[in-house]
Every structure is written in structure tokens, then in C-alpha cells.
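K.L.:
The file below is query.pdb, PDB, C-alpha atoms:
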```pdb
ATOM      1  CA  MET A   1     -35.583 -32.747  31.050
ATOM      2  CA  ILE A   2     -31.835 -32.522  30.477
ATOM      3  CA  GLU A   3     -29.795 -35.644  29.733
ATOM      4  CA  ALA A   4     -26.008 -35.421  29.483
ATOM      5  CA  VAL A   5     -24.244 -38.578  28.262
ATOM      6  CA  GLY A   6     -20.453 -38.905  28.145
ATOM      7  CA  LEU A   7     -20.080 -35.143  27.801
ATOM      8  CA  ARG A   8     -16.508 -34.013  27.114
ATOM      9  CA  LYS A   9     -15.062 -30.626  26.200
ATOM     10  CA  VAL A  10     -11.412 -29.944  25.397
ATOM     11  CA  TYR A  11      -9.827 -26.522  24.789
ATOM     12  CA  GLY A  12      -6.368 -27.156  23.373
ATOM     13  CA  LYS A  13      -4.633 -29.262  26.028
ATOM     14  CA  LYS A  14      -7.152 -28.332  28.717
ATOM     15  CA  VAL A  15      -9.933 -30.845  29.454
ATOM     16  CA  ALA A  16     -12.732 -28.665  30.827
ATOM     17  CA  VAL A  17     -15.370 -31.410  31.046
ATOM     18  CA  HIS A  18     -14.499 -35.100  31.245
ATOM     19  CA  ASP A  19     -17.007 -37.886  30.473
ATOM     20  CA  LEU A  20     -19.863 -36.177  32.335
ATOM     21  CA  SER A  21     -23.246 -37.938  32.537
ATOM     22  CA  PHE A  22     -26.267 -36.813  34.551
ATOM     23  CA  THR A  23     -30.004 -36.186  34.269
ATOM     24  CA  VAL A  24     -32.015 -33.150  35.348
ATOM     25  CA  ARG A  25     -35.563 -34.385  35.895
ATOM     26  CA  PRO A  26     -38.792 -32.371  35.773
ATOM     27  CA  GLY A  27     -40.652 -31.546  38.968
ATOM     28  CA  ILE A  28     -37.637 -30.868  41.202
ATOM     29  CA  VAL A  29     -34.944 -28.238  41.657
ATOM     30  CA  THR A  30     -31.526 -29.682  40.824
ATOM     31  CA  GLY A  31     -28.515 -27.797  42.160
ATOM     32  CA  PHE A  32     -25.342 -27.721  40.056
ATOM     33  CA  LEU A  33     -22.333 -27.333  42.336
ATOM     34  CA  GLY A  34     -18.592 -27.283  41.934
ATOM     35  CA  PRO A  35     -15.518 -25.201  42.779
ATOM     36  CA  ASN A  36     -14.404 -22.391  40.489
ATOM     37  CA  GLY A  37     -13.001 -23.809  37.275
ATOM     38  CA  SER A  38     -14.833 -27.112  37.660
ATOM     39  CA  GLY A  39     -16.602 -26.886  34.285
ATOM     40  CA  LYS A  40     -20.088 -25.747  35.362
ATOM     41  CA  SER A  41     -20.347 -22.801  32.969
ATOM     42  CA  THR A  42     -18.917 -24.837  30.093
ATOM     43  CA  THR A  43     -21.473 -27.578  30.743
ATOM     44  CA  MET A  44     -24.338 -25.083  30.800
ATOM     45  CA  ARG A  45     -23.136 -23.521  27.561
ATOM     46  CA  MET A  46     -23.075 -26.945  25.914
ATOM     47  CA  ILE A  47     -26.648 -27.613  27.048
ATOM     48  CA  VAL A  48     -27.933 -24.610  25.085
ATOM     49  CA  GLY A  49     -25.631 -25.047  22.102
ATOM     50  CA  LEU A  50     -23.244 -22.154  22.809
ATOM     51  CA  ASP A  51     -20.330 -24.595  22.957
ATOM     52  CA  ARG A  52     -20.078 -27.836  20.975
ATOM     53  CA  PRO A  53     -19.037 -30.959  22.915
ATOM     54  CA  THR A  54     -15.778 -32.579  21.886
ATOM     55  CA  ALA A  55     -17.461 -35.911  22.595
ATOM     56  CA  GLY A  56     -20.744 -37.140  24.012
ATOM     57  CA  GLN A  57     -24.071 -35.390  23.770
ATOM     58  CA  VAL A  58     -26.598 -33.458  25.789
ATOM     59  CA  LEU A  59     -30.321 -33.664  25.056
ATOM     60  CA  VAL A  60     -33.212 -31.482  26.158
ATOM     61  CA  ASP A  61     -36.548 -33.273  26.059
ATOM     62  CA  GLY A  62     -34.942 -35.993  23.962
ATOM     63  CA  ARG A  63     -33.357 -33.753  21.314
ATOM     64  CA  PRO A  64     -30.319 -31.466  21.016
ATOM     65  CA  PHE A  65     -31.265 -27.918  21.988
ATOM     66  CA  THR A  66     -30.416 -26.616  18.522
ATOM     67  CA  ALA A  67     -32.882 -29.087  16.945
ATOM     68  CA  HIS A  68     -35.884 -27.557  18.702
ATOM     69  CA  ARG A  69     -38.043 -25.297  16.535
ATOM     70  CA  ALA A  70     -39.051 -23.138  19.523
ATOM     71  CA  PRO A  71     -35.901 -22.952  21.672
ATOM     72  CA  LEU A  72     -37.214 -20.249  24.042
ATOM     73  CA  SER A  73     -40.129 -22.510  24.884
ATOM     74  CA  THR A  74     -37.789 -25.424  25.496
ATOM     75  CA  VAL A  75     -35.063 -23.949  27.718
ATOM     76  CA  GLY A  76     -35.100 -20.609  29.470
ATOM     77  CA  ALA A  77     -31.536 -19.783  30.470
ATOM     78  CA  LEU A  78     -29.939 -17.097  32.607
ATOM     79  CA  LEU A  79     -26.211 -17.455  32.006
ATOM     80  CA  ASP A  80     -25.102 -13.825  31.903
ATOM     81  CA  ALA A  81     -27.469 -11.124  33.117
ATOM     82  CA  LYS A  82     -25.242  -8.450  31.530
ATOM     83  CA  ALA A  83     -25.875  -9.832  28.015
ATOM     84  CA  VAL A  84     -28.383  -7.109  27.187
ATOM     85  CA  HIS A  85     -28.391  -4.027  24.944
ATOM     86  CA  THR A  86     -27.698  -1.314  27.524
ATOM     87  CA  GLY A  87     -29.379   1.367  25.416
ATOM     88  CA  ARG A  88     -32.714  -0.433  25.350
ATOM     89  CA  SER A  89     -35.334  -0.380  28.036
ATOM     90  CA  ALA A  90     -36.213  -3.607  29.794
ATOM     91  CA  TYR A  91     -39.511  -3.646  27.932
ATOM     92  CA  LYS A  92     -37.883  -3.137  24.512
ATOM     93  CA  HIS A  93     -35.307  -5.827  25.257
ATOM     94  CA  LEU A  94     -37.986  -8.369  26.070
ATOM     95  CA  GLN A  95     -40.176  -7.191  23.209
ATOM     96  CA  ALA A  96     -37.330  -7.768  20.729
ATOM     97  CA  MET A  97     -36.784 -11.282  22.096
ATOM     98  CA  ALA A  98     -40.503 -11.992  21.869
ATOM     99  CA  ALA A  99     -40.712 -10.764  18.274
ATOM    100  CA  THR A 100     -37.944 -13.112  17.111
ATOM    101  CA  ALA A 101     -39.701 -16.092  18.715
ATOM    102  CA  GLY A 102     -43.304 -15.334  17.800
ATOM    103  CA  ILE A 103     -44.244 -14.640  21.424
ATOM    104  CA  PRO A 104     -47.092 -12.140  21.980
ATOM    105  CA  ASN A 105     -46.455  -8.826  23.735
ATOM    106  CA  SER A 106     -48.909  -9.830  26.442
ATOM    107  CA  ARG A 107     -46.316 -12.346  27.645
ATOM    108  CA  VAL A 108     -43.771  -9.513  27.939
ATOM    109  CA  ASP A 109     -46.118  -7.721  30.327
ATOM    110  CA  GLU A 110     -46.614 -10.941  32.304
ATOM    111  CA  VAL A 111     -42.933 -11.624  32.928
ATOM    112  CA  ILE A 112     -42.209  -7.981  33.746
ATOM    113  CA  ASP A 113     -44.851  -8.110  36.460
ATOM    114  CA  LEU A 114     -43.634 -11.535  37.598
ATOM    115  CA  VAL A 115     -40.090 -10.321  38.278
ATOM    116  CA  GLY A 116     -41.162  -7.009  39.804
ATOM    117  CA  LEU A 117     -39.801  -4.628  37.169
ATOM    118  CA  GLY A 118     -43.088  -2.902  36.347
ATOM    119  CA  GLU A 119     -42.000   0.523  37.618
ATOM    120  CA  VAL A 120     -38.701   0.541  35.698
ATOM    121  CA  ALA A 121     -39.651  -1.422  32.587
ATOM    122  CA  ARG A 122     -39.410   1.694  30.373
ATOM    123  CA  LYS A 123     -35.984   2.708  31.696
ATOM    124  CA  ARG A 124     -32.693   1.887  29.996
ATOM    125  CA  ALA A 125     -31.241  -1.435  31.129
ATOM    126  CA  GLY A 126     -27.783   0.125  31.187
ATOM    127  CA  GLY A 127     -28.759   2.062  34.298
ATOM    128  CA  PHE A 128     -30.008  -0.982  36.199
ATOM    129  CA  SER A 129     -28.418  -2.131  39.423
ATOM    130  CA  LEU A 130     -26.945  -5.627  39.586
ATOM    131  CA  GLY A 131     -30.084  -6.958  41.243
ATOM    132  CA  MET A 132     -32.398  -5.323  38.687
ATOM    133  CA  GLY A 133     -30.259  -6.772  35.914
ATOM    134  CA  GLN A 134     -30.689 -10.219  37.434
ATOM    135  CA  ARG A 135     -34.471  -9.776  37.472
ATOM    136  CA  LEU A 136     -34.391  -8.782  33.799
ATOM    137  CA  GLY A 137     -32.300 -11.861  33.015
ATOM    138  CA  ILE A 138     -34.820 -14.066  34.825
ATOM    139  CA  ALA A 139     -37.668 -12.408  32.903
ATOM    140  CA  SER A 140     -35.817 -13.190  29.654
ATOM    141  CA  ALA A 141     -35.406 -16.825  30.704
ATOM    142  CA  LEU A 142     -39.113 -17.188  31.472
ATOM    143  CA  LEU A 143     -40.359 -15.311  28.398
ATOM    144  CA  GLY A 144     -41.077 -18.411  26.320
ATOM    145  CA  ASP A 145     -42.796 -20.262  29.190
ATOM    146  CA  PRO A 146     -40.135 -23.017  28.897
ATOM    147  CA  SER A 147     -40.384 -26.609  30.108
ATOM    148  CA  THR A 148     -36.809 -26.389  31.429
ATOM    149  CA  VAL A 149     -35.189 -23.440  33.175
ATOM    150  CA  MET A 150     -31.481 -23.050  33.794
ATOM    151  CA  PHE A 151     -30.053 -20.359  36.062
ATOM    152  CA  ASP A 152     -26.394 -19.546  36.711
ATOM    153  CA  GLU A 153     -26.002 -17.686  40.032
ATOM    154  CA  PRO A 154     -29.583 -16.319  39.971
ATOM    155  CA  VAL A 155     -29.402 -14.574  43.376
ATOM    156  CA  ASN A 156     -26.314 -12.549  42.456
ATOM    157  CA  GLY A 157     -26.949  -8.936  43.465
ATOM    158  CA  LEU A 158     -30.395  -9.564  44.975
ATOM    159  CA  ASP A 159     -31.324  -8.251  48.401
ATOM    160  CA  PRO A 160     -32.765 -10.617  51.063
ATOM    161  CA  ASP A 161     -36.311 -10.057  49.819
ATOM    162  CA  GLY A 162     -35.203 -10.806  46.259
ATOM    163  CA  ILE A 163     -33.364 -13.940  47.362
ATOM    164  CA  LEU A 164     -36.507 -15.224  49.067
ATOM    165  CA  TRP A 165     -38.490 -14.405  45.932
ATOM    166  CA  ILE A 166     -36.193 -16.333  43.569
ATOM    167  CA  ARG A 167     -36.068 -19.258  46.009
ATOM    168  CA  ASN A 168     -39.852 -19.493  46.016
ATOM    169  CA  LEU A 169     -39.990 -18.944  42.248
ATOM    170  CA  MET A 170     -37.697 -21.891  41.560
ATOM    171  CA  LYS A 171     -39.733 -24.134  43.832
ATOM    172  CA  GLU A 172     -42.950 -23.017  42.132
ATOM    173  CA  LEU A 173     -41.506 -23.645  38.657
ATOM    174  CA  ALA A 174     -40.584 -27.171  39.750
ATOM    175  CA  ARG A 175     -44.024 -27.675  41.287
ATOM    176  CA  GLN A 176     -45.502 -26.824  37.890
ATOM    177  CA  GLY A 177     -43.609 -29.780  36.441
ATOM    178  CA  ARG A 178     -40.635 -27.986  34.921
ATOM    179  CA  ALA A 179     -37.032 -29.135  35.156
ATOM    180  CA  VAL A 180     -35.099 -26.523  37.167
ATOM    181  CA  PHE A 181     -31.286 -26.561  36.947
ATOM    182  CA  VAL A 182     -29.475 -23.951  39.033
ATOM    183  CA  SER A 183     -25.803 -23.287  39.604
ATOM    184  CA  SER A 184     -24.755 -21.391  42.715
ATOM    185  CA  HIS A 185     -21.867 -20.953  45.127
ATOM    186  CA  LEU A 186     -24.260 -20.084  47.968
ATOM    187  CA  MET A 187     -24.538 -23.394  49.791
ATOM    188  CA  SER A 188     -27.047 -22.026  52.285
ATOM    189  CA  GLU A 189     -29.429 -21.206  49.425
ATOM    190  CA  MET A 190     -28.930 -24.564  47.755
ATOM    191  CA  ALA A 191     -29.704 -26.299  51.045
ATOM    192  CA  LEU A 192     -33.020 -24.422  51.188
ATOM    193  CA  THR A 193     -33.930 -24.710  47.506
ATOM    194  CA  ALA A 194     -32.559 -27.844  45.853
ATOM    195  CA  GLU A 195     -33.800 -31.395  46.315
ATOM    196  CA  HIS A 196     -31.170 -33.029  44.113
ATOM    197  CA  LEU A 197     -27.527 -32.204  43.402
ATOM    198  CA  VAL A 198     -25.120 -32.661  40.536
ATOM    199  CA  VAL A 199     -21.628 -31.945  41.883
ATOM    200  CA  ILE A 200     -18.540 -31.778  39.683
ATOM    201  CA  GLY A 201     -14.863 -31.041  40.221
ATOM    202  CA  LYS A 202     -12.166 -30.566  37.591
ATOM    203  CA  GLY A 203     -14.746 -31.495  34.974
ATOM    204  CA  ARG A 204     -15.569 -34.875  36.532
ATOM    205  CA  LEU A 205     -18.730 -36.029  38.272
ATOM    206  CA  ILE A 206     -18.435 -36.214  42.063
ATOM    207  CA  ALA A 207     -22.083 -36.754  42.994
ATOM    208  CA  ASP A 208     -25.495 -37.134  41.379
ATOM    209  CA  GLU A 209     -27.869 -37.685  44.292
ATOM    210  CA  SER A 210     -30.301 -36.078  46.710
ATOM    211  CA  VAL A 211     -29.123 -33.309  49.021
ATOM    212  CA  ALA A 212     -29.715 -35.571  52.025
ATOM    213  CA  ALA A 213     -27.643 -38.409  50.557
ATOM    214  CA  PHE A 214     -24.799 -36.016  49.717
ATOM    215  CA  VAL A 215     -24.685 -34.607  53.254
ATOM    216  CA  ASP A 216     -24.880 -38.097  54.754
ATOM    217  CA  ARG A 217     -21.588 -38.977  53.062
ATOM    218  CA  VAL A 218     -19.874 -36.854  55.710
ATOM    219  CA  GLN A 219     -19.498 -37.945  59.318
ATOM    220  CA  PRO A 220     -21.817 -36.229  61.845
ATOM    221  CA  ARG A 221     -20.264 -33.272  63.659
ATOM    222  CA  GLY A 222     -21.248 -34.487  67.131
ATOM    223  CA  VAL A 223     -24.221 -34.958  69.408
ATOM    224  CA  THR A 224     -26.065 -32.229  71.322
ATOM    225  CA  VAL A 225     -27.127 -33.434  74.758
ATOM    226  CA  ARG A 226     -29.145 -31.752  77.501
ATOM    227  CA  SER A 227     -29.477 -33.256  80.953
ATOM    228  CA  PRO A 228     -30.525 -32.040  84.403
ATOM    229  CA  GLN A 229     -27.699 -34.246  85.753
ATOM    230  CA  PRO A 230     -24.541 -32.726  84.216
ATOM    231  CA  ALA A 231     -22.077 -34.380  86.600
ATOM    232  CA  GLU A 232     -23.434 -37.822  85.834
ATOM    233  CA  LEU A 233     -23.406 -37.054  82.102
ATOM    234  CA  ARG A 234     -19.718 -36.153  82.288
ATOM    235  CA  GLU A 235     -19.016 -39.466  83.983
ATOM    236  CA  ILE A 236     -20.908 -41.345  81.276
ATOM    237  CA  VAL A 237     -19.031 -39.603  78.459
ATOM    238  CA  ALA A 238     -15.709 -40.298  80.171
ATOM    239  CA  ALA A 239     -16.554 -43.941  80.772
ATOM    240  CA  GLU A 240     -17.606 -44.430  77.145
ATOM    241  CA  GLY A 241     -14.436 -42.789  75.801
ATOM    242  CA  GLY A 242     -15.847 -39.570  74.419
ATOM    243  CA  SER A 243     -15.233 -35.860  74.914
ATOM    244  CA  LEU A 244     -17.592 -32.985  75.533
ATOM    245  CA  ALA A 245     -17.817 -29.230  75.479
ATOM    246  CA  VAL A 246     -20.146 -27.106  77.583
ATOM    247  CA  MET A 247     -22.023 -24.639  75.374
ATOM    248  CA  ASP A 248     -23.358 -21.184  76.277
ATOM    249  CA  ASP A 249     -26.942 -22.418  76.481
ATOM    250  CA  GLY A 250     -26.056 -25.147  78.963
ATOM    251  CA  SER A 251     -26.146 -28.000  76.464
ATOM    252  CA  PHE A 252     -23.250 -30.365  75.849
ATOM    253  CA  ASP A 253     -21.504 -30.955  72.545
ATOM    254  CA  VAL A 254     -20.373 -34.585  72.713
ATOM    255  CA  ARG A 255     -17.842 -35.988  70.258
ATOM    256  CA  ASP A 256     -16.612 -39.499  69.423
ATOM    257  CA  LEU A 257     -19.838 -41.131  70.606
ATOM    258  CA  SER A 258     -23.060 -41.841  68.734
ATOM    259  CA  ALA A 259     -26.438 -40.671  70.023
ATOM    260  CA  GLU A 260     -27.473 -44.310  70.445
ATOM    261  CA  ARG A 261     -24.456 -45.128  72.585
ATOM    262  CA  ILE A 262     -24.985 -42.055  74.780
ATOM    263  CA  GLY A 263     -28.696 -42.820  75.168
ATOM    264  CA  ASP A 264     -28.096 -46.478  76.074
ATOM    265  CA  ALA A 265     -25.418 -45.583  78.619
ATOM    266  CA  ALA A 266     -27.602 -42.907  80.186
ATOM    267  CA  ALA A 267     -30.512 -45.361  80.454
ATOM    268  CA  ARG A 268     -28.342 -47.922  82.213
ATOM    269  CA  ARG A 269     -27.253 -45.288  84.742
ATOM    270  CA  GLY A 270     -30.722 -43.844  85.190
ATOM    271  CA  VAL A 271     -29.632 -40.409  83.935
ATOM    272  CA  ALA A 272     -32.381 -38.255  82.433
ATOM    273  CA  LEU A 273     -31.797 -36.722  79.004
ATOM    274  CA  HIS A 274     -33.889 -33.805  77.793
ATOM    275  CA  GLU A 275     -32.260 -33.679  74.354
ATOM    276  CA  LEU A 276     -30.211 -36.106  72.311
ATOM    277  CA  THR A 277     -29.636 -34.831  68.774
ATOM    278  CA  THR A 278     -27.112 -35.918  66.187
ATOM    279  CA  VAL A 279     -25.607 -32.811  64.569
ATOM    280  CA  LYS A 280     -25.166 -33.478  60.859
ATOM    281  CA  ALA A 281     -22.761 -31.609  58.635
ATOM    282  CA  SER A 282     -24.174 -28.667  56.738
ATOM    283  CA  LEU A 283     -24.292 -28.736  52.948
ATOM    284  CA  GLU A 284     -21.381 -26.287  52.909
ATOM    285  CA  GLU A 285     -19.295 -28.519  55.185
ATOM    286  CA  ALA A 286     -20.103 -31.584  53.093
ATOM    287  CA  PHE A 287     -19.259 -29.730  49.879
ATOM    288  CA  MET A 288     -15.940 -28.460  51.210
ATOM    289  CA  GLU A 289     -14.928 -31.922  52.414
ATOM    290  CA  LEU A 290     -16.044 -33.892  49.369
ATOM    291  CA  THR A 291     -14.568 -31.474  46.804
ATOM    292  CA  ALA A 292     -11.318 -30.813  48.686
ATOM    293  CA  ASN A 293      -9.275 -32.740  46.104
ATOM    294  CA  ALA A 294     -11.055 -31.197  43.127
ATOM    295  CA  VAL A 295     -10.244 -27.518  43.651
ATOM    296  CA  GLU A 296      -8.647 -25.964  40.566
ATOM    297  CA  TYR A 297      -7.539 -22.708  42.190
ATOM    298  CA  GLN A 298      -6.581 -22.852  45.854
ATOM    299  CA  ALA A 299      -5.068 -20.015  47.851
ATOM    300  CA  GLN A 300      -2.746 -20.671  50.745
ATOM    301  CA  SER A 301      -4.675 -20.610  53.988
ATOM    302  CA  ALA A 302      -3.694 -17.656  56.156
ATOM    303  CA  GLY A 303      -2.638 -18.755  59.587
ATOM    304  CA  ALA A 304      -3.078 -22.395  58.709
ATOM    305  CA  ALA A 305      -0.928 -23.464  61.614
ATOM    306  CA  ALA A 306      -2.628 -21.210  64.139
ATOM    307  CA  VAL A 307      -4.175 -22.828  67.180
ATOM    308  CA  VAL A 308      -7.199 -21.139  68.740
ATOM    309  CA  VAL A 309      -7.327 -21.533  72.512
ATOM    310  CA  PRO A 310     -10.752 -21.014  74.125
ATOM    311  CA  GLU A 311     -10.828 -18.128  76.568
ATOM    312  CA  PRO A 312     -12.633 -18.672  79.860
ATOM    313  CA  GLY A 313     -15.693 -16.483  80.196
ATOM    314  CA  VAL A 314     -15.825 -15.477  76.534
ATOM    315  CA  PRO A 315     -19.307 -16.100  75.077
ATOM    316  CA  GLY A 316     -19.340 -18.752  72.363
ATOM    317  CA  SER A 317     -15.994 -20.188  73.469
ATOM    318  CA  PRO A 318     -16.676 -23.772  74.571
ATOM    319  CA  VAL A 319     -14.386 -25.611  76.956
ATOM    320  CA  ARG A 320     -13.759 -29.149  75.747
ATOM    321  CA  GLU A 321     -12.967 -31.824  78.279
ATOM    322  CA  GLU A 322     -10.789 -34.455  76.600
ATOM    323  CA  VAL A 323     -10.900 -37.902  78.116
ATOM    324  CA  ALA A 324      -7.763 -40.035  78.133
ATOM    325  CA  ARG A 325      -8.247 -43.403  76.524
TER     326      ARG A 325
END
```
Would you write out, as C-alpha cells, the structure that this file holds?

P.N.:
Amino acid sequence: MIEAVGLRKVYGKKVAVHDLSFTVRPGIVTGFLGPNGSGKSTTMRMIVGLDRPTAGQVLVDGRPFTAHRAPLSTVGALLDAKAVHTGRSAYKHLQAMAATAGIPNSRVDEVIDLVGLGEVARKRAGGFSLGMGQRLGIASALLGDPSTVMFDEPVNGLDPDGILWIRNLMKELARQGRAVFVSSHLMSEMALTAEHLVVIGKGRLIADESVAAFVDRVQPRGVTVRSPQPAELREIVAAEGGSLAVMDDGSFDVRDLSAERIGDAAARRGVALHELTTVKASLEEAFMELTANAVEYQAQSAGAAAVVVPEPGVPGSPVREEVAR
């Protein structure tokens, strides 16, 4: 378990991390999200003692990481997959790590097989692709069979099969009772992998809650409705003060009305509904909205003032019927 309390890091006049407190609990995958420059890497470095906090403290299993006698068995970290002697083979790299920590060579063989590097284990790491380097970094993190694992962008360079593998690996590590802390910019992967989120921006905590609770902070994107009586449905939406768009599959995207209000109005009019689904924001949409004021580096949006006009007959181009109110 990781416990950060009042964590602060200052470089000169730059406050990289400001009074940050959160807990990474065992048994779940906790996603660590934030825009570029938000302080994620600095926080991770402080967890494993690579940077010293200016104030506050961070504990792993109740003690500072540097106070543990067997650090590789406490936290397994992948912070930089390129931090490897390029002239050594993957096997020799792991063997050297194992020797310094009193870990048997049999464990080296286990993690090599676990990450799928068996066929290239005797080849120089300097010739590895980005994805193979990531697998070696993950093997290094798991070498000591740690109670806590911490990954920074673990799917970087992996192909779709590798991404699925690391997703399942993180879930399995959590199922085994380990604390799993993972930083990523791939919101789609975090939505599939993480149960809990720690979100920061400009070094400050924005959220420390479940993925579902984080997404629920953002207003729903609309309601998908299907009905065998489209004319009557249009009348209902107009009468209730909403707007709708006809989608390619024949469904309706209704805005400005809740699913409950649409359902009640349809029931009063005797209009059959075959689908009535509230469309929630995606994790990416929620992240973009809730961190909008915490972006350190923001490029000017190209064509920010452009207006896209739907073209009749073009697939995927809905026609929205606005209702005067």
C-alpha cells in the first residue's frame, strides 16, 4: 500500500507537487492521471526514493521506501524502460538485479517466461524494439515478487496483443492482493483496467475516487432512443423542450431531456419505446473537462472557430432538429 501525506516538491521557484495526499490500496488497480507537467513522474520518483520531498512524506507498507531491507520485494517499479545496460542481454540484466537483491536465478527464468521474452532473453537489450524493452522493464519490476507494483506508461510500444496482456496482468496482480499503481495517457486503457483513480493537475489533487464516480461528475452526453413511432417521438421531444438528431442506425440522439422525462412523456402519449439509454461521458471526455483548467502546456486549437455543418446523405452526419423554446 502507498500512502502519500502532504507531499510537496519544489525545484527552485517551480512547485512541481503541492500538498498531495492519496492512498493506493491493495487488491485494486489505481490509475494515476494528469496532463503533461502535472507532477505524476515526480510523485512516482518520490515514492521510490529517487527524489526527496520538500515537505510531507510517502510511505510504502507503513515505512519510507528507503527504510525497507528488501526494496525489490516491496515495490516493483517501471519508470523508464530504457534504463538498462544496452550491452547486456535481457537475462544478464535481470540476473545482475537478482544477484544484488539475493533473488535466486530461478525467479529470473520465471519473469522472462511471464513477459514473453524467452526467445530473445540471450540477446542484447540494446537491440530490442520499444515493445520488447517495455516487457523487459516489466520483468524487472516483477523480479522481487513485490507487494506493490508501479508502472509509468506500461503499454508504450506494445502491439494490441501486448496491450491486452498487460491489461490482464495488472488485473491479475491486483487480484492476488497487490497494490497496483499505473500512470497512463491512454484513457481507453484506464477505463478498461483501473477501478480507482488519482487525478492531479499542476501538482494538485483533482480527484481521488472510483472511475465511475469520476465520470459521473460530468453531465450525460444525451439519451439514445428507439421507437417504432418516430413522428410521435419528435412531437414529444418538441413538446418537452428538447432537441434530437437522427442517427445512421435509425435511433435518435435526444439532448436537453433526461431519460426519465422522455419515458414518462412517451407513456402518457402511449408511444412505444424500444430503447431508452442515457449516454454517459467517456473517461476521456470526463478527464478533458475536469482537467481543462489544470493544463500546463496547451497548444492553440487549430480551427477553433470552425463550424462543422452536417451534410445531407453523408454517413455519420446526424441532422439535429432544434426546437424553439

K.L.:
I'd like to know which of A:Ser188, A:Asn293, A:Ser183, A:Ser227 is closest to Glu275 (chain A), using all atoms listed in the file.

P.N.:
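That would be A:Ser227, the residue with the smallest distance to Glu275 (chain A).
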
K.L.:
Would you mind listing, for every residue of region 161-278 of chain A within 12 Å of region 69-78 of chain A, the two atoms forming the shortest contact and the distance between them in Å to one decimal, using all atoms listed in the file, sorted by chain and ascending residue number, as a tab-separated table?

P.N.:
```
residue	atom	partner	partner_atom	distance
A:Leu173	CA	A:Gly76	CA	11.6
A:Arg178	CA	A:Val75	CA	10.0
A:Ala179	CA	A:Val75	CA	9.3
A:Val180	CA	A:Gly76	CA	9.7
A:Phe181	CA	A:Ala77	CA	9.4
A:Val182	CA	A:Leu78	CA	9.4
A:Ser183	CA	A:Leu78	CA	10.2
```

K.L.:
Taking 2 positions as the minimum chain separation for residues in the same chain, which residues sit within 9 Å of region 89-102 of chain A when counting only C-alpha atoms? Answer as number ranges by chain.

P.N.:
A: 70-73, 84-87, 104-105, 107-109, 112, 117, 120-126, 136, 139-140, 143-144

K.L.:
Could you give me, as a PDB file with C-alpha atoms, in the frame of the given file, the residues within 10 Å of Leu20 (chain A), counting all atoms listed in the file and dropping anything in the same chain fewer than 6 positions from it?

P.N.:
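The result, written out as part31.pdb:
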```pdb
ATOM      1  CA  ALA A   4     -26.008 -35.421  29.483  1.00  0.00           C
ATOM      2  CA  VAL A   5     -24.244 -38.578  28.262  1.00  0.00           C
ATOM      3  CA  GLY A   6     -20.453 -38.905  28.145  1.00  0.00           C
ATOM      4  CA  LEU A   7     -20.080 -35.143  27.801  1.00  0.00           C
ATOM      5  CA  ARG A   8     -16.508 -34.013  27.114  1.00  0.00           C
ATOM      6  CA  LYS A   9     -15.062 -30.626  26.200  1.00  0.00           C
ATOM      7  CA  THR A  43     -21.473 -27.578  30.743  1.00  0.00           C
ATOM      8  CA  GLY A  56     -20.744 -37.140  24.012  1.00  0.00           C
ATOM      9  CA  GLN A  57     -24.071 -35.390  23.770  1.00  0.00           C
ATOM     10  CA  VAL A  58     -26.598 -33.458  25.789  1.00  0.00           C
ATOM     11  CA  ILE A 200     -18.540 -31.778  39.683  1.00  0.00           C
ATOM     12  CA  GLY A 203     -14.746 -31.495  34.974  1.00  0.00           C
ATOM     13  CA  ARG A 204     -15.569 -34.875  36.532  1.00  0.00           C
ATOM     14  CA  LEU A 205     -18.730 -36.029  38.272  1.00  0.00           C
ATOM     15  CA  ILE A 206     -18.435 -36.214  42.063  1.00  0.00           C
TER      16      ILE A 206
END
```

K.L.:
Just to confirm, what's the straight-line distance from CA of Val198 (chain A) to CA of Leu164 (chain A) in Å (one decimal)?

P.N.:
22.5 Å

K.L.:
Name all residues at most 6 Å from region 219-222 of chain A (count all atoms listed in the file; drop same-chain ones fewer than 4 positions away) and give them as JSON, numbers by chain.

P.N.:
{"A": [254, 255, 279, 280, 281]}

K.L.:
Quick one: distance from CA of Ile28 (chain A) to CA of Ala191 (chain A) in Å, one decimal?

P.N.:
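Answer for the CA of Ile28 (chain A) to CA of Ala191 (chain A) separation: 13.4 Å.
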
K.L.:
Could you check the closest approach to Ile47 (chain A) for each of A:Leu169, A:Met132, A:Leu290, A:Val149 and tell me which residue wins, using all atoms listed in the file?

P.N.:
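Looking at the shortest contact to Ile47 (chain A), the residue is A:Val149.
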
K.L.:
For Glu153 (chain A), which residue out of A:Leu192, A:Leu79, A:Met187, A:Met170 is the nearest one, using all atoms listed in the file?

P.N.:
A:Leu79

K.L.:
Compile the contact shell of region 23-27 of chain A as number ranges by chain: residues with an atom at most 6 Å away, counting all atoms listed in the file, same-chain residues fewer than 5 positions apart removed.

P.N.:
A: 1-3, 174-175, 177-179

K.L.:
Calculate how many Å separate CA of Glu232 (chain A) from CA of Asp248 (chain A), rounding to one decimal.

P.N.:
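CA of Asp248 (chain A) lies 19.2 Å from CA of Glu232 (chain A).
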
K.L.:
Using all atoms listed in the file, which of A:Ala272, A:Leu197, A:Ala266, A:Ala286 sits nearest Pro228 (chain A)?

P.N.:
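Of A:Ala272, A:Leu197, A:Ala266, A:Ala286, the one nearest Pro228 (chain A) is A:Ala272, counting all atoms listed in the file.
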